[in-house]
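What follows is the content of entry-v4.cif, which has mmCIF, C-alpha atoms:
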```
data_structure
#
loop_
_atom_site.label_atom_id
_atom_site.label_comp_id
_atom_site.auth_asym_id
_atom_site.auth_seq_id
_atom_site.Cartn_x
_atom_site.Cartn_y
_atom_site.Cartn_z
CA MET L 1 31.82 7.38 -10.41
CA PHE L 2 29.95 10.37 -11.87
CA THR L 3 30.01 11.06 -15.59
CA ALA L 4 30.89 14.57 -16.79
CA ALA L 5 27.27 15.09 -17.86
CA LEU L 6 25.99 14.10 -14.44
CA LEU L 7 28.49 16.35 -12.70
CA THR L 8 27.30 19.23 -14.89
CA LEU L 9 23.72 18.44 -13.98
CA LEU L 10 24.59 18.39 -10.28
CA ILE L 11 26.12 21.86 -10.61
CA ILE L 12 23.05 23.16 -12.44
CA PHE L 13 20.72 21.77 -9.78
CA THR L 14 22.85 23.25 -7.01
CA ILE L 15 22.81 26.71 -8.61
CA THR L 16 19.17 26.82 -9.65
CA ARG L 17 17.35 25.24 -6.76
CA SER L 18 15.94 27.58 -4.13
CA PRO L 19 16.98 27.02 -0.52
CA VAL L 20 14.58 24.58 1.12
CA LYS L 21 13.34 25.41 4.56
CA ALA L 22 11.83 22.58 6.57
CA ALA L 23 8.12 23.00 7.17
CA SER L 24 7.40 24.12 10.73
CA SER L 25 4.44 21.74 10.80
CA PRO L 26 3.45 18.65 8.81
CA ILE L 27 1.88 19.20 5.40
CA SER L 28 -1.24 17.24 4.44
CA VAL L 29 -2.24 16.38 0.89
CA PRO L 30 -5.54 14.82 -0.26
CA LEU L 31 -5.72 11.26 -1.56
CA ALA L 32 -8.23 10.07 -4.13
CA SER L 33 -9.63 6.58 -3.66
CA ARG L 34 -10.93 4.50 -6.53
CA LEU L 35 -12.21 0.98 -6.86
CA HIS L 36 -10.99 -0.31 -10.21
CA PHE L 37 -12.92 -2.89 -12.20
CA TYR L 38 -11.29 -4.05 -15.41
CA ASN L 39 -13.36 -5.74 -18.12
CA GLY L 40 -16.52 -5.95 -16.05
CA THR L 41 -16.84 -7.95 -12.84
CA HIS L 42 -13.67 -8.91 -11.08
CA ASN L 43 -11.85 -11.11 -8.61
CA LEU L 44 -9.99 -9.50 -5.71
CA LEU L 45 -8.15 -12.57 -4.53
CA GLU L 46 -5.95 -13.30 -7.53
CA ARG L 47 -4.47 -9.82 -7.53
CA ASP L 48 -3.92 -9.68 -3.78
CA GLY L 49 -2.67 -13.27 -3.74
CA ALA L 50 -0.06 -12.61 -6.40
CA ARG L 51 1.09 -9.53 -4.50
CA VAL L 52 1.40 -11.42 -1.20
CA LYS L 53 3.46 -14.11 -2.92
CA ALA L 54 5.82 -11.48 -4.34
CA LEU L 55 6.25 -9.82 -0.93
CA SER L 56 7.36 -13.09 0.64
CA ASP L 57 9.22 -14.65 -2.32
CA SER L 58 12.53 -12.91 -3.05
CA SER L 59 13.05 -14.86 -6.28
CA MET L 60 9.98 -13.23 -7.83
CA GLN L 61 11.29 -9.75 -7.12
CA ARG L 62 14.48 -10.44 -9.04
CA GLN L 63 12.56 -11.15 -12.22
CA LYS L 64 12.67 -8.36 -14.77
CA LEU L 65 9.05 -8.28 -15.95
CA VAL L 66 6.30 -10.67 -14.97
CA ASN L 67 2.87 -11.08 -16.46
CA VAL L 68 0.83 -12.75 -13.72
CA PRO L 69 -2.04 -14.80 -15.15
CA LEU L 70 -5.30 -13.28 -13.97
CA THR L 71 -8.82 -14.04 -14.99
CA ASN L 72 -10.95 -11.20 -16.30
CA ASN L 73 -12.35 -10.79 -12.80
CA HIS L 74 -10.08 -8.81 -10.63
CA ALA L 75 -10.56 -5.56 -8.79
CA ASN L 76 -8.62 -3.49 -6.36
CA TYR L 77 -8.97 -0.46 -4.21
CA ALA L 78 -6.25 2.09 -4.89
CA GLN L 79 -5.35 5.44 -3.41
CA PHE L 80 -3.95 8.08 -5.73
CA LEU L 81 -1.61 10.97 -5.01
CA ALA L 82 -1.14 13.85 -7.46
CA VAL L 83 2.62 13.99 -8.08
CA GLY L 84 4.44 16.65 -10.12
CA ILE L 85 7.57 15.62 -12.01
CA GLY L 86 9.89 18.02 -13.82
CA ASN L 87 10.43 21.78 -13.78
CA PRO L 88 7.90 23.05 -14.65
CA PRO L 89 6.07 19.99 -13.31
CA THR L 90 3.68 17.73 -15.14
CA THR L 91 1.11 16.24 -12.74
CA TYR L 92 0.57 12.49 -12.66
CA ASN L 93 -2.04 10.62 -10.64
CA MET L 94 0.08 7.92 -9.03
CA VAL L 95 -0.96 4.85 -7.07
CA LEU L 96 0.21 5.08 -3.45
CA ASP L 97 1.95 1.91 -2.26
CA SER L 98 3.48 1.21 1.14
CA GLY L 99 4.69 -2.23 0.04
CA SER L 100 7.38 -0.76 -2.22
CA ALA L 101 9.57 2.35 -2.31
CA ASN L 102 10.35 3.16 -5.95
CA ILE L 103 8.63 5.91 -7.90
CA TRP L 104 8.01 5.48 -11.61
CA VAL L 105 5.93 6.94 -14.41
CA ARG L 106 4.79 5.37 -17.67
CA ALA L 107 7.16 6.27 -20.51
CA SER L 108 4.30 7.20 -22.85
CA LYS L 109 3.19 9.87 -20.37
CA TYR L 110 6.53 11.18 -19.12
CA MET L 111 7.21 14.78 -20.16
CA GLU L 112 10.89 15.70 -20.15
CA THR L 113 11.87 19.22 -19.05
CA GLY L 114 15.14 21.04 -18.52
CA SER L 115 15.48 19.33 -15.14
CA SER L 116 15.23 15.78 -16.54
CA PHE L 117 18.38 13.68 -16.78
CA CYS L 118 18.65 10.07 -17.95
CA THR L 119 21.27 8.02 -16.05
CA GLY L 120 20.98 5.15 -18.52
CA GLN L 121 20.57 2.61 -15.71
CA PRO L 122 17.90 -0.05 -16.24
CA VAL L 123 15.32 -0.25 -13.42
CA ALA L 124 12.68 -2.88 -12.70
CA VAL L 125 10.21 -3.77 -9.94
CA ASN L 126 7.94 -6.80 -9.69
CA TYR L 127 4.85 -6.26 -7.52
CA GLY L 128 3.50 -9.78 -7.94
CA SER L 129 0.24 -8.72 -9.57
CA ALA L 130 2.00 -6.14 -11.74
CA SER L 131 5.48 -5.03 -12.79
CA PHE L 132 7.45 -2.44 -14.70
CA PHE L 133 10.78 -2.25 -16.50
CA GLY L 134 12.42 0.90 -17.79
CA THR L 135 15.24 3.39 -17.32
CA GLU L 136 16.31 5.49 -14.35
CA TRP L 137 16.05 9.27 -14.63
CA LEU L 138 16.79 12.08 -12.15
CA ASP L 139 14.28 14.89 -11.87
CA TYR L 140 12.35 17.29 -9.67
CA VAL L 141 9.49 15.60 -7.79
CA THR L 142 6.70 17.53 -6.05
CA VAL L 143 4.19 15.79 -3.77
CA GLY L 144 2.48 18.82 -2.27
CA PRO L 145 2.81 22.54 -1.47
CA GLY L 146 6.42 23.21 -0.48
CA LEU L 147 7.25 19.53 -0.89
CA THR L 148 9.69 19.47 -3.81
CA VAL L 149 12.93 17.51 -4.08
CA THR L 150 15.63 17.62 -6.72
CA LEU L 151 17.76 14.90 -8.29
CA GLN L 152 15.15 12.34 -7.30
CA SER L 153 15.63 8.94 -8.89
CA ILE L 154 12.52 7.91 -10.84
CA GLY L 155 11.82 5.03 -13.17
CA VAL L 156 10.45 5.72 -16.63
CA GLY L 157 8.57 2.55 -17.48
CA ASP L 158 8.96 1.36 -21.07
CA GLU L 159 7.31 -1.97 -20.30
CA THR L 160 4.53 -2.38 -17.77
CA ALA L 161 2.16 -5.20 -16.87
CA GLY L 162 -0.96 -5.11 -14.72
CA PHE L 163 -1.32 -1.34 -14.37
CA HIS L 164 -3.99 -0.79 -17.05
CA GLU L 165 -2.85 2.62 -18.31
CA LEU L 166 -2.39 4.15 -14.87
CA ASP L 167 0.11 7.02 -14.83
CA GLY L 168 2.55 5.39 -12.44
CA LEU L 169 3.23 4.55 -8.80
CA ILE L 170 4.88 6.15 -5.79
CA GLY L 171 6.23 3.82 -3.13
CA ILE L 172 6.37 4.85 0.52
CA GLY L 173 8.01 1.72 1.89
CA PRO L 174 11.42 1.49 3.60
CA VAL L 175 14.44 2.27 1.42
CA ALA L 176 15.60 -1.38 1.75
CA SER L 177 12.81 -2.40 -0.60
CA THR L 178 14.54 -0.55 -3.47
CA VAL L 179 17.59 -2.82 -3.28
CA GLY L 180 17.69 -4.98 -6.40
CA SER L 181 15.59 -2.66 -8.55
CA LEU L 182 18.71 -1.51 -10.44
CA PRO L 183 19.75 -4.78 -12.14
CA ASP L 184 23.27 -3.50 -12.92
CA LEU L 185 23.73 -2.34 -9.30
CA PRO L 186 21.88 -5.11 -7.43
CA THR L 187 23.09 -4.19 -3.93
CA GLU L 188 22.55 -0.43 -4.22
CA PRO L 189 19.49 1.22 -2.57
CA ILE L 190 17.75 4.14 -4.27
CA PRO L 191 16.87 7.16 -2.10
CA THR L 192 13.10 7.24 -1.70
CA VAL L 193 10.96 10.34 -2.12
CA THR L 194 10.30 10.47 1.63
CA ASP L 195 13.99 10.12 2.46
CA SER L 196 14.78 12.88 -0.05
CA LEU L 197 12.14 15.19 1.44
CA PHE L 198 13.72 14.72 4.85
CA GLY L 199 17.32 14.80 3.63
CA GLN L 200 16.79 17.99 1.61
CA GLY L 201 15.04 19.72 4.49
CA ALA L 202 11.49 19.88 3.12
CA ILE L 203 10.12 18.12 6.22
CA SER L 204 11.45 18.17 9.77
CA GLU L 205 10.45 14.60 10.66
CA ASN L 206 10.74 11.52 8.45
CA VAL L 207 7.20 10.40 9.26
CA LEU L 208 4.12 9.84 7.11
CA GLY L 209 0.53 9.71 8.34
CA ILE L 210 -2.28 8.16 6.28
CA PHE L 211 -6.00 8.65 6.81
CA SER L 212 -8.64 6.67 4.92
CA GLN L 213 -12.34 6.02 5.27
CA PRO L 214 -14.77 3.30 4.17
CA TYR L 215 -16.58 3.23 0.85
CA VAL L 216 -19.87 5.11 0.69
CA SER L 217 -22.50 5.24 -2.03
CA PRO L 218 -22.48 7.36 -4.11
CA PRO L 219 -18.66 7.17 -3.99
CA LEU L 220 -16.53 10.15 -3.01
CA GLU L 221 -13.48 11.10 -5.09
CA ILE L 222 -11.40 12.35 -2.16
CA THR L 223 -11.60 9.90 0.75
CA GLY L 224 -8.17 10.12 2.30
CA GLN L 225 -5.15 12.20 3.19
CA ILE L 226 -1.42 11.70 3.45
CA THR L 227 0.60 13.89 5.80
CA PHE L 228 4.32 14.42 5.19
CA GLY L 229 6.55 15.24 8.15
CA GLY L 230 4.25 13.96 10.88
CA THR L 231 0.60 13.15 11.51
CA ASP L 232 -2.68 15.08 11.51
CA PRO L 233 -4.32 14.88 14.95
CA THR L 234 -7.63 16.13 13.53
CA LYS L 235 -7.98 12.81 11.69
CA TYR L 236 -7.69 10.40 14.62
CA ASN L 237 -8.77 9.90 18.22
CA GLY L 238 -6.38 10.27 21.14
CA HIS L 239 -2.79 9.70 20.16
CA ILE L 240 -0.75 7.40 17.94
CA GLU L 241 0.45 4.15 19.53
CA TYR L 242 3.61 2.82 17.87
CA ALA L 243 4.97 -0.69 17.49
CA PRO L 244 8.49 -1.54 16.26
CA THR L 245 8.86 -3.13 12.86
CA VAL L 246 10.02 -6.72 12.58
CA ASN L 247 13.78 -6.59 12.00
CA THR L 248 14.82 -9.98 10.68
CA GLY L 249 16.06 -10.82 7.20
CA ARG L 250 13.87 -9.58 4.36
CA SER L 251 11.36 -8.02 6.77
CA GLN L 252 13.41 -4.81 6.61
CA ARG L 253 12.00 -4.27 3.12
CA TYR L 254 8.47 -3.83 4.47
CA TRP L 255 6.38 -2.20 7.16
CA SER L 256 6.02 -5.44 9.13
CA VAL L 257 4.79 -5.59 12.74
CA ASN L 258 4.05 -8.40 15.18
CA SER L 259 0.47 -9.16 16.08
CA ARG L 260 -1.62 -11.82 17.75
CA ILE L 261 -5.10 -12.20 16.25
CA THR L 262 -8.27 -13.38 18.00
CA TYR L 263 -11.88 -13.76 16.91
CA ASP L 264 -14.48 -13.45 19.69
CA ASN L 265 -11.61 -13.96 22.18
CA ARG L 266 -10.54 -17.18 20.41
CA GLU L 267 -6.95 -17.16 19.13
CA ILE L 268 -6.72 -17.78 15.40
CA LEU L 269 -3.08 -16.69 14.97
CA ARG L 270 -0.37 -16.60 17.60
CA SER L 271 1.91 -13.57 17.71
CA THR L 272 3.80 -13.33 14.43
CA GLY L 273 4.84 -10.78 11.83
CA GLY L 274 2.60 -9.26 9.18
CA ILE L 275 2.76 -6.43 6.66
CA VAL L 276 0.80 -3.16 6.83
CA ASP L 277 0.23 -2.62 3.12
CA CYS L 278 -2.00 0.02 1.55
CA GLY L 279 -1.17 -1.48 -1.85
CA SER L 280 -3.27 -4.56 -1.09
CA THR L 281 -7.04 -4.49 -0.87
CA LEU L 282 -8.01 -7.31 1.49
CA ILE L 283 -6.71 -8.74 4.76
CA SER L 284 -4.60 -11.80 4.00
CA LEU L 285 -4.18 -14.55 6.61
CA ALA L 286 -1.91 -17.58 6.78
CA THR L 287 -3.86 -20.70 5.79
CA ASP L 288 -4.25 -22.05 9.34
CA ALA L 289 -5.52 -18.66 10.61
CA TYR L 290 -7.85 -18.31 7.61
CA GLN L 291 -9.34 -21.75 8.29
CA GLU L 292 -9.76 -20.94 11.99
CA TYR L 293 -11.55 -17.73 11.07
CA GLN L 294 -13.81 -19.51 8.59
CA PHE L 295 -14.73 -22.15 11.17
CA ALA L 296 -15.37 -19.58 13.89
CA THR L 297 -17.64 -17.45 11.71
CA GLY L 298 -19.45 -20.35 10.04
CA ALA L 299 -18.80 -18.76 6.63
CA VAL L 300 -18.48 -20.84 3.47
CA TYR L 301 -16.33 -20.40 0.40
CA ASP L 302 -18.07 -18.77 -2.56
CA SER L 303 -16.64 -19.80 -5.93
CA ALA L 304 -18.18 -16.85 -7.80
CA THR L 305 -16.39 -14.18 -5.73
CA THR L 306 -13.71 -16.46 -4.19
CA LEU L 307 -14.52 -14.80 -0.87
CA LEU L 308 -16.07 -16.28 2.26
CA THR L 309 -19.80 -15.66 2.46
CA MET L 310 -22.80 -16.06 4.73
CA PRO L 311 -26.52 -15.27 4.43
CA GLU L 312 -27.51 -11.76 5.44
CA ASP L 313 -29.59 -13.10 8.34
CA LYS L 314 -26.35 -14.49 9.84
CA TYR L 315 -24.65 -11.09 9.87
CA GLY L 316 -25.74 -10.57 13.47
CA THR L 317 -23.65 -13.56 14.56
CA LEU L 318 -20.35 -11.93 13.57
CA ARG L 319 -18.08 -10.86 16.41
CA ASN L 320 -15.03 -8.58 16.66
CA LEU L 321 -11.70 -9.61 15.15
CA ASP L 322 -8.93 -8.28 17.39
CA PHE L 323 -5.33 -7.45 16.48
CA TYR L 324 -2.92 -7.24 19.42
CA ILE L 325 -0.21 -4.88 18.16
CA GLY L 326 2.30 -3.49 20.64
CA GLU L 327 0.44 -2.69 23.84
CA GLN L 328 -2.89 -2.04 22.13
CA ILE L 329 -5.85 -3.99 20.73
CA TYR L 330 -7.34 -2.87 17.42
CA SER L 331 -10.79 -4.32 16.84
CA LEU L 332 -12.40 -4.84 13.46
CA THR L 333 -16.12 -4.68 14.14
CA PRO L 334 -18.51 -7.01 12.28
CA ASN L 335 -19.28 -4.26 9.77
CA ALA L 336 -15.56 -3.68 9.16
CA GLN L 337 -15.15 -7.37 8.27
CA ILE L 338 -17.58 -7.34 5.34
CA TRP L 339 -17.38 -6.16 1.74
CA PRO L 340 -19.58 -3.09 1.04
CA ARG L 341 -22.98 -4.64 0.27
CA SER L 342 -23.78 -1.97 -2.30
CA LEU L 343 -20.86 -3.38 -4.34
CA ASN L 344 -21.77 -7.07 -4.12
CA THR L 345 -22.77 -7.39 -7.75
CA LYS L 346 -19.50 -5.76 -8.85
CA ILE L 347 -17.59 -8.82 -7.61
CA ARG L 348 -20.13 -11.33 -8.95
CA GLY L 349 -21.79 -11.49 -5.58
CA LYS L 350 -25.49 -11.66 -4.78
CA GLU L 351 -27.61 -8.91 -3.35
CA GLY L 352 -28.65 -9.79 0.17
CA SER L 353 -25.48 -11.78 0.91
CA ILE L 354 -22.54 -11.07 3.18
CA TYR L 355 -18.96 -11.38 1.86
CA LEU L 356 -15.97 -11.26 4.18
CA ILE L 357 -12.85 -9.23 3.32
CA PHE L 358 -10.27 -11.94 3.95
CA SER L 359 -8.06 -14.06 1.74
CA ASP L 360 -6.00 -17.19 2.27
CA ARG L 361 -2.28 -16.45 2.03
CA GLY L 362 -1.77 -19.97 0.71
CA THR L 363 0.92 -21.06 3.18
CA PRO L 364 0.85 -21.98 6.88
CA SER L 365 2.00 -19.56 9.53
CA GLY L 366 5.61 -19.56 10.68
CA GLN L 367 7.21 -19.72 7.25
CA ASP L 368 9.17 -16.47 7.40
CA GLY L 369 8.12 -14.59 10.54
CA PHE L 370 7.19 -11.34 8.84
CA SER L 371 4.34 -11.98 6.38
CA ASP L 372 1.90 -14.35 8.07
CA PHE L 373 -0.79 -11.73 7.52
CA SER L 374 -1.23 -8.58 5.48
CA LEU L 375 -3.36 -5.62 6.53
CA GLY L 376 -4.60 -4.09 3.30
CA TYR L 377 -6.57 -0.99 2.45
CA VAL L 378 -9.78 -2.32 4.06
CA PHE L 379 -7.96 -2.29 7.43
CA MET L 380 -6.59 1.19 6.85
CA GLN L 381 -10.11 2.45 6.15
CA ARG L 382 -10.78 1.90 9.87
CA PHE L 383 -7.53 3.04 11.50
CA TYR L 384 -5.11 5.93 11.06
CA VAL L 385 -1.65 4.61 10.21
CA ALA L 386 1.71 6.35 10.69
CA TYR L 387 5.00 5.21 9.19
CA ASP L 388 8.09 6.39 11.09
CA PHE L 389 11.17 5.94 8.89
CA THR L 390 13.67 7.21 11.45
CA SER L 391 12.61 4.94 14.30
CA SER L 392 11.48 1.98 12.11
CA ARG L 393 8.03 1.71 13.62
CA VAL L 394 4.38 1.78 12.61
CA GLY L 395 1.71 3.65 14.56
CA PHE L 396 -2.05 3.21 14.74
CA ALA L 397 -5.02 5.12 16.11
CA THR L 398 -8.77 4.84 15.93
CA THR L 399 -10.76 7.33 13.83
CA ALA L 400 -14.33 8.50 13.43
CA PHE L 401 -14.76 5.59 10.99
CA THR L 402 -13.41 2.74 13.11
CA ASP L 403 -16.93 1.73 14.19
CA ALA L 404 -18.77 2.97 11.08
CA THR L 405 -21.59 0.79 9.77
CA THR L 406 -21.55 1.93 6.16
CA ASN L 407 -20.64 -1.46 4.69
#
```
Any chance you could put this one into structure tokens?
Amino acid sequence: MFTAALLTLLIIFTITRSPVKAASSPISVPLASRLHFYNGTHNLLERDGARVKALSDSSMQRQKLVNVPLTNNHANYAQFLAVGIGNPPTTYNMVLDSGSANIWVRASKYMETGSSFCTGQPVAVNYGSASFFGTEWLDYVTVGPGLTVTLQSIGVGDETAGFHELDGLIGIGPVASTVGSLPDLPTEPIPTVTDSLFGQGAISENVLGIFSQPYVSPPLEITGQITFGGTDPTKYNGHIEYAPTVNTGRSQRYWSVNSRITYDNREILRSTGGIVDCGSTLISLATDAYQEYQFATGAVYDSATTLLTMPEDKYGTLRNLDFYIGEQIYSLTPNAQIWPRSLNTKIRGKEGSIYLIFSDRGTPSGQDGFSDFSLGYVFMQRFYVAYDFTSSRVGFATTAFTDATTN
């Protein structure tokens, strides 16, 4: 039931907002990509591992605020989208995350305007490696030219853990992943920004397209692009091939697709579900698949980086890792399977060594049917990815960087 104040706000928004006309074509917005190192050299696996555990463990997501113990060595790739909140808007550089669907901003940075309204509802999300707890507000949200929605639910985070003074986060996952983030309304979903854009007529298709590219030295600030309302054919080869999302149990909270995985034509994981997650850095594999991959490549575990490694003179022995998704095969070339060598020392690695971009999920395959692997940002650097909210499917296409040798 609406309060009188909220009803008044609804009337004000209805009167003051300009009519929204759906864009005749998709609108693309640049993404900044940054590799974050906190307190010096860092460990990728602890952060990704904690996130993978949270994605598959529903009990963790019900916790209000979690400080995950991490050593002082963790790093992560993150893509940032400039998001305006309020009227007039204040711009925040927000982490883009396809493994969640809430949008929130740090309370110390949130600037209230005449369009800001506090509902008083507590809101919380646990990301495994990070979390926030705060209060729900309704406000204008702008994600690009002509891409403004009103009465968008946002979290204003009074308590945060693991985000290291970042402005906030915008989730682009399915709306089901918002269920439970309002502790007083545990079964209620929160309309996502993408659903609001579509519902309010700012975009004509409820589809997002994401383009990324591998790290280069010196690093580029703008290395990606997100397209609202469709895809950008100039960023990929041929056409998008779609696969349906896994639709069992908790899988509806994530962009999960079925895939069989082979290395040099040797099966390391039978067809099972996995998550396409730009909020993770590495590619996570169920323990049995990870061990098969390690054996097949001849790599050894490196305690300094906690990654698999091999001497540089063995790089030539690497073979393609193939993902059978839908009717297509997406091949990670040998170069796409390694950490950028120019960044070896940043993860406590050695110059002249090869480090592989895979982590052990920590559980055997077949536990839940939707998270036996996770395709993180390093996978999305090689393939264009499209998220179709209406048809519940994920699309892929090769790009000019699929076979790049920059690592």
Residues of range 198-230 of chain L that approach range 322-342 of chain L to 10 Å or less, counting only C-alpha atoms: could you list each one with the shortest pair of atoms and its distance in Å to one decimal, rows by chain and increasing residue number, as JSON lines?
```
{"residue": "L:Pro214", "atom": "CA", "partner": "L:Pro340", "partner_atom": "CA", "distance": 8.6}
{"residue": "L:Tyr215", "atom": "CA", "partner": "L:Pro340", "partner_atom": "CA", "distance": 7.0}
{"residue": "L:Val216", "atom": "CA", "partner": "L:Pro340", "partner_atom": "CA", "distance": 8.2}
{"residue": "L:Ser217", "atom": "CA", "partner": "L:Ser342", "partner_atom": "CA", "distance": 7.3}
{"residue": "L:Pro218", "atom": "CA", "partner": "L:Ser342", "partner_atom": "CA", "distance": 9.6}
```
**Prompt:** Suppose you want the space between CA of Ser251 in chain L and CA of Phe370 in chain L; what is it in Å?
**Reply:** 5.7 Å
**Request:** Take the PyMOL selection byres ((chain L and resi 285) around 10), apply it to the structure above, and return the hits as an MDAnalysis selection string.
**Result:** chainID L and resid 261 268:269 274 282:284 286:291 293 358:365 371:375
**Message:** Could you list, as a PyMOL selection string, every residue within 8 Å of range 145-156 of chain L, counting all atoms listed in the file and ignoring same-chain residues fewer than 2 positions away?
**Reply:** chain L and resi 10+13+17+23+27+102-107+110+123-124+133-143+158+190-193+196-197+200+202-203
Name the residues that the PyMOL selection byres ((chain L and resi 278) around 12) pulls out of this structure, and write them as a short mmCIF file (atom, residue, chain, number, x, y, z; two decimals) with C-alpha atoms, in the frame of the given file.
```
data_model
loop_
_atom_site.label_atom_id
_atom_site.label_comp_id
_atom_site.auth_asym_id
_atom_site.auth_seq_id
_atom_site.Cartn_x
_atom_site.Cartn_y
_atom_site.Cartn_z
CA SER L 33 -9.63 6.58 -3.66
CA ASP L 48 -3.92 -9.68 -3.78
CA ARG L 51 1.09 -9.53 -4.50
CA ASN L 76 -8.62 -3.49 -6.36
CA TYR L 77 -8.97 -0.46 -4.21
CA ALA L 78 -6.25 2.09 -4.89
CA GLN L 79 -5.35 5.44 -3.41
CA PHE L 80 -3.95 8.08 -5.73
CA VAL L 95 -0.96 4.85 -7.07
CA LEU L 96 0.21 5.08 -3.45
CA ASP L 97 1.95 1.91 -2.26
CA SER L 98 3.48 1.21 1.14
CA GLY L 99 4.69 -2.23 0.04
CA SER L 100 7.38 -0.76 -2.22
CA ILE L 170 4.88 6.15 -5.79
CA GLY L 171 6.23 3.82 -3.13
CA ILE L 172 6.37 4.85 0.52
CA GLY L 173 8.01 1.72 1.89
CA ILE L 210 -2.28 8.16 6.28
CA PHE L 211 -6.00 8.65 6.81
CA SER L 212 -8.64 6.67 4.92
CA GLY L 224 -8.17 10.12 2.30
CA ILE L 226 -1.42 11.70 3.45
CA TYR L 254 8.47 -3.83 4.47
CA TRP L 255 6.38 -2.20 7.16
CA ILE L 275 2.76 -6.43 6.66
CA VAL L 276 0.80 -3.16 6.83
CA ASP L 277 0.23 -2.62 3.12
CA GLY L 279 -1.17 -1.48 -1.85
CA SER L 280 -3.27 -4.56 -1.09
CA THR L 281 -7.04 -4.49 -0.87
CA LEU L 282 -8.01 -7.31 1.49
CA ILE L 283 -6.71 -8.74 4.76
CA SER L 374 -1.23 -8.58 5.48
CA LEU L 375 -3.36 -5.62 6.53
CA GLY L 376 -4.60 -4.09 3.30
CA TYR L 377 -6.57 -0.99 2.45
CA VAL L 378 -9.78 -2.32 4.06
CA PHE L 379 -7.96 -2.29 7.43
CA MET L 380 -6.59 1.19 6.85
CA GLN L 381 -10.11 2.45 6.15
CA PHE L 383 -7.53 3.04 11.50
CA TYR L 384 -5.11 5.93 11.06
CA VAL L 385 -1.65 4.61 10.21
CA ALA L 386 1.71 6.35 10.69
CA TYR L 387 5.00 5.21 9.19
#
```
**Request:** Find the residue from L:Val300, L:Ser256, L:Ile222, L:Gly201 that sits nearest to Gly369 in chain L; use only C-alpha atoms when measuring.
**Result:**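 Looking at the shortest contact to Gly369 in chain L, the residue is L:Ser256.
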**Message:** Quick check, in Å to one decimal: how far apart do CA of Asn126 in chain L and CA of Ser303 in chain L lie?
**Reply:**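 Between CA of Asn126 in chain L and CA of Ser303 in chain L the gap is 28.1 Å.
Between CA of Asp264 in chain L and CA of Ala397 in chain L the separation is 21.1 Å.
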**Request:** Kindly indicate which residue among L:Cys118, L:Thr305, L:Leu81, L:Pro233 lies nearest to Leu169 in chain L, using only C-alpha atoms for the distances.
**Result:**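 Comparing L:Cys118, L:Thr305, L:Leu81, L:Pro233 against Leu169 in chain L, the winner is L:Leu81.
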**Message:** What would the selection look like, as a VMD selection string, if the PyMOL selection byres ((chain L and resi 236-248) around 6) were run on the coordinates I just shared?
**Reply:** chain L and resid 233 to 235 249 251 to 252 256 to 257 326 392 to 399
Grab the residues selected above and save them as a PDB file, keeping the file's coordinate frame with C-alpha atoms.
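Below you can see result.pdb, which holds the result:
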```
ATOM      1  CA  PRO L 233      -4.320  14.880  14.950  1.00  0.00           C
ATOM      2  CA  THR L 234      -7.630  16.130  13.530  1.00  0.00           C
ATOM      3  CA  LYS L 235      -7.980  12.810  11.690  1.00  0.00           C
ATOM      4  CA  GLY L 249      16.060 -10.820   7.200  1.00  0.00           C
ATOM      5  CA  SER L 251      11.360  -8.020   6.770  1.00  0.00           C
ATOM      6  CA  GLN L 252      13.410  -4.810   6.610  1.00  0.00           C
ATOM      7  CA  SER L 256       6.020  -5.440   9.130  1.00  0.00           C
ATOM      8  CA  VAL L 257       4.790  -5.590  12.740  1.00  0.00           C
ATOM      9  CA  GLY L 326       2.300  -3.490  20.640  1.00  0.00           C
ATOM     10  CA  SER L 392      11.480   1.980  12.110  1.00  0.00           C
ATOM     11  CA  ARG L 393       8.030   1.710  13.620  1.00  0.00           C
ATOM     12  CA  VAL L 394       4.380   1.780  12.610  1.00  0.00           C
ATOM     13  CA  GLY L 395       1.710   3.650  14.560  1.00  0.00           C
ATOM     14  CA  PHE L 396      -2.050   3.210  14.740  1.00  0.00           C
ATOM     15  CA  ALA L 397      -5.020   5.120  16.110  1.00  0.00           C
ATOM     16  CA  THR L 398      -8.770   4.840  15.930  1.00  0.00           C
ATOM     17  CA  THR L 399     -10.760   7.330  13.830  1.00  0.00           C
TER      18      THR L 399
END
```
For range 28-33 of chain L, what centre and edge lengths in Å (one decimal) does the axis-aligned box get once 6 Å is added on each side of all its listed atoms, as AutoDock Vina command-line options?
```
--center_x -5.4 --center_y 11.9 --center_z 0.2 --size_x 20.4 --size_y 22.7 --size_z 20.6
```
**Request:** Return the single residue from L:Ser115, L:Thr390, L:Thr91, L:Ser177 that is closest to Gly230 in chain L, with distances computed using only C-alpha atoms.
**Result:** L:Thr390
**Request:** May I ask which of the residues L:Leu308, L:Glu221, L:Arg348, L:Asp368 is the closest one to Leu35 in chain L, counting all atoms listed in the file?
**Result:**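 Of the candidates, the smallest distance to Leu35 in chain L is held by L:Glu221.
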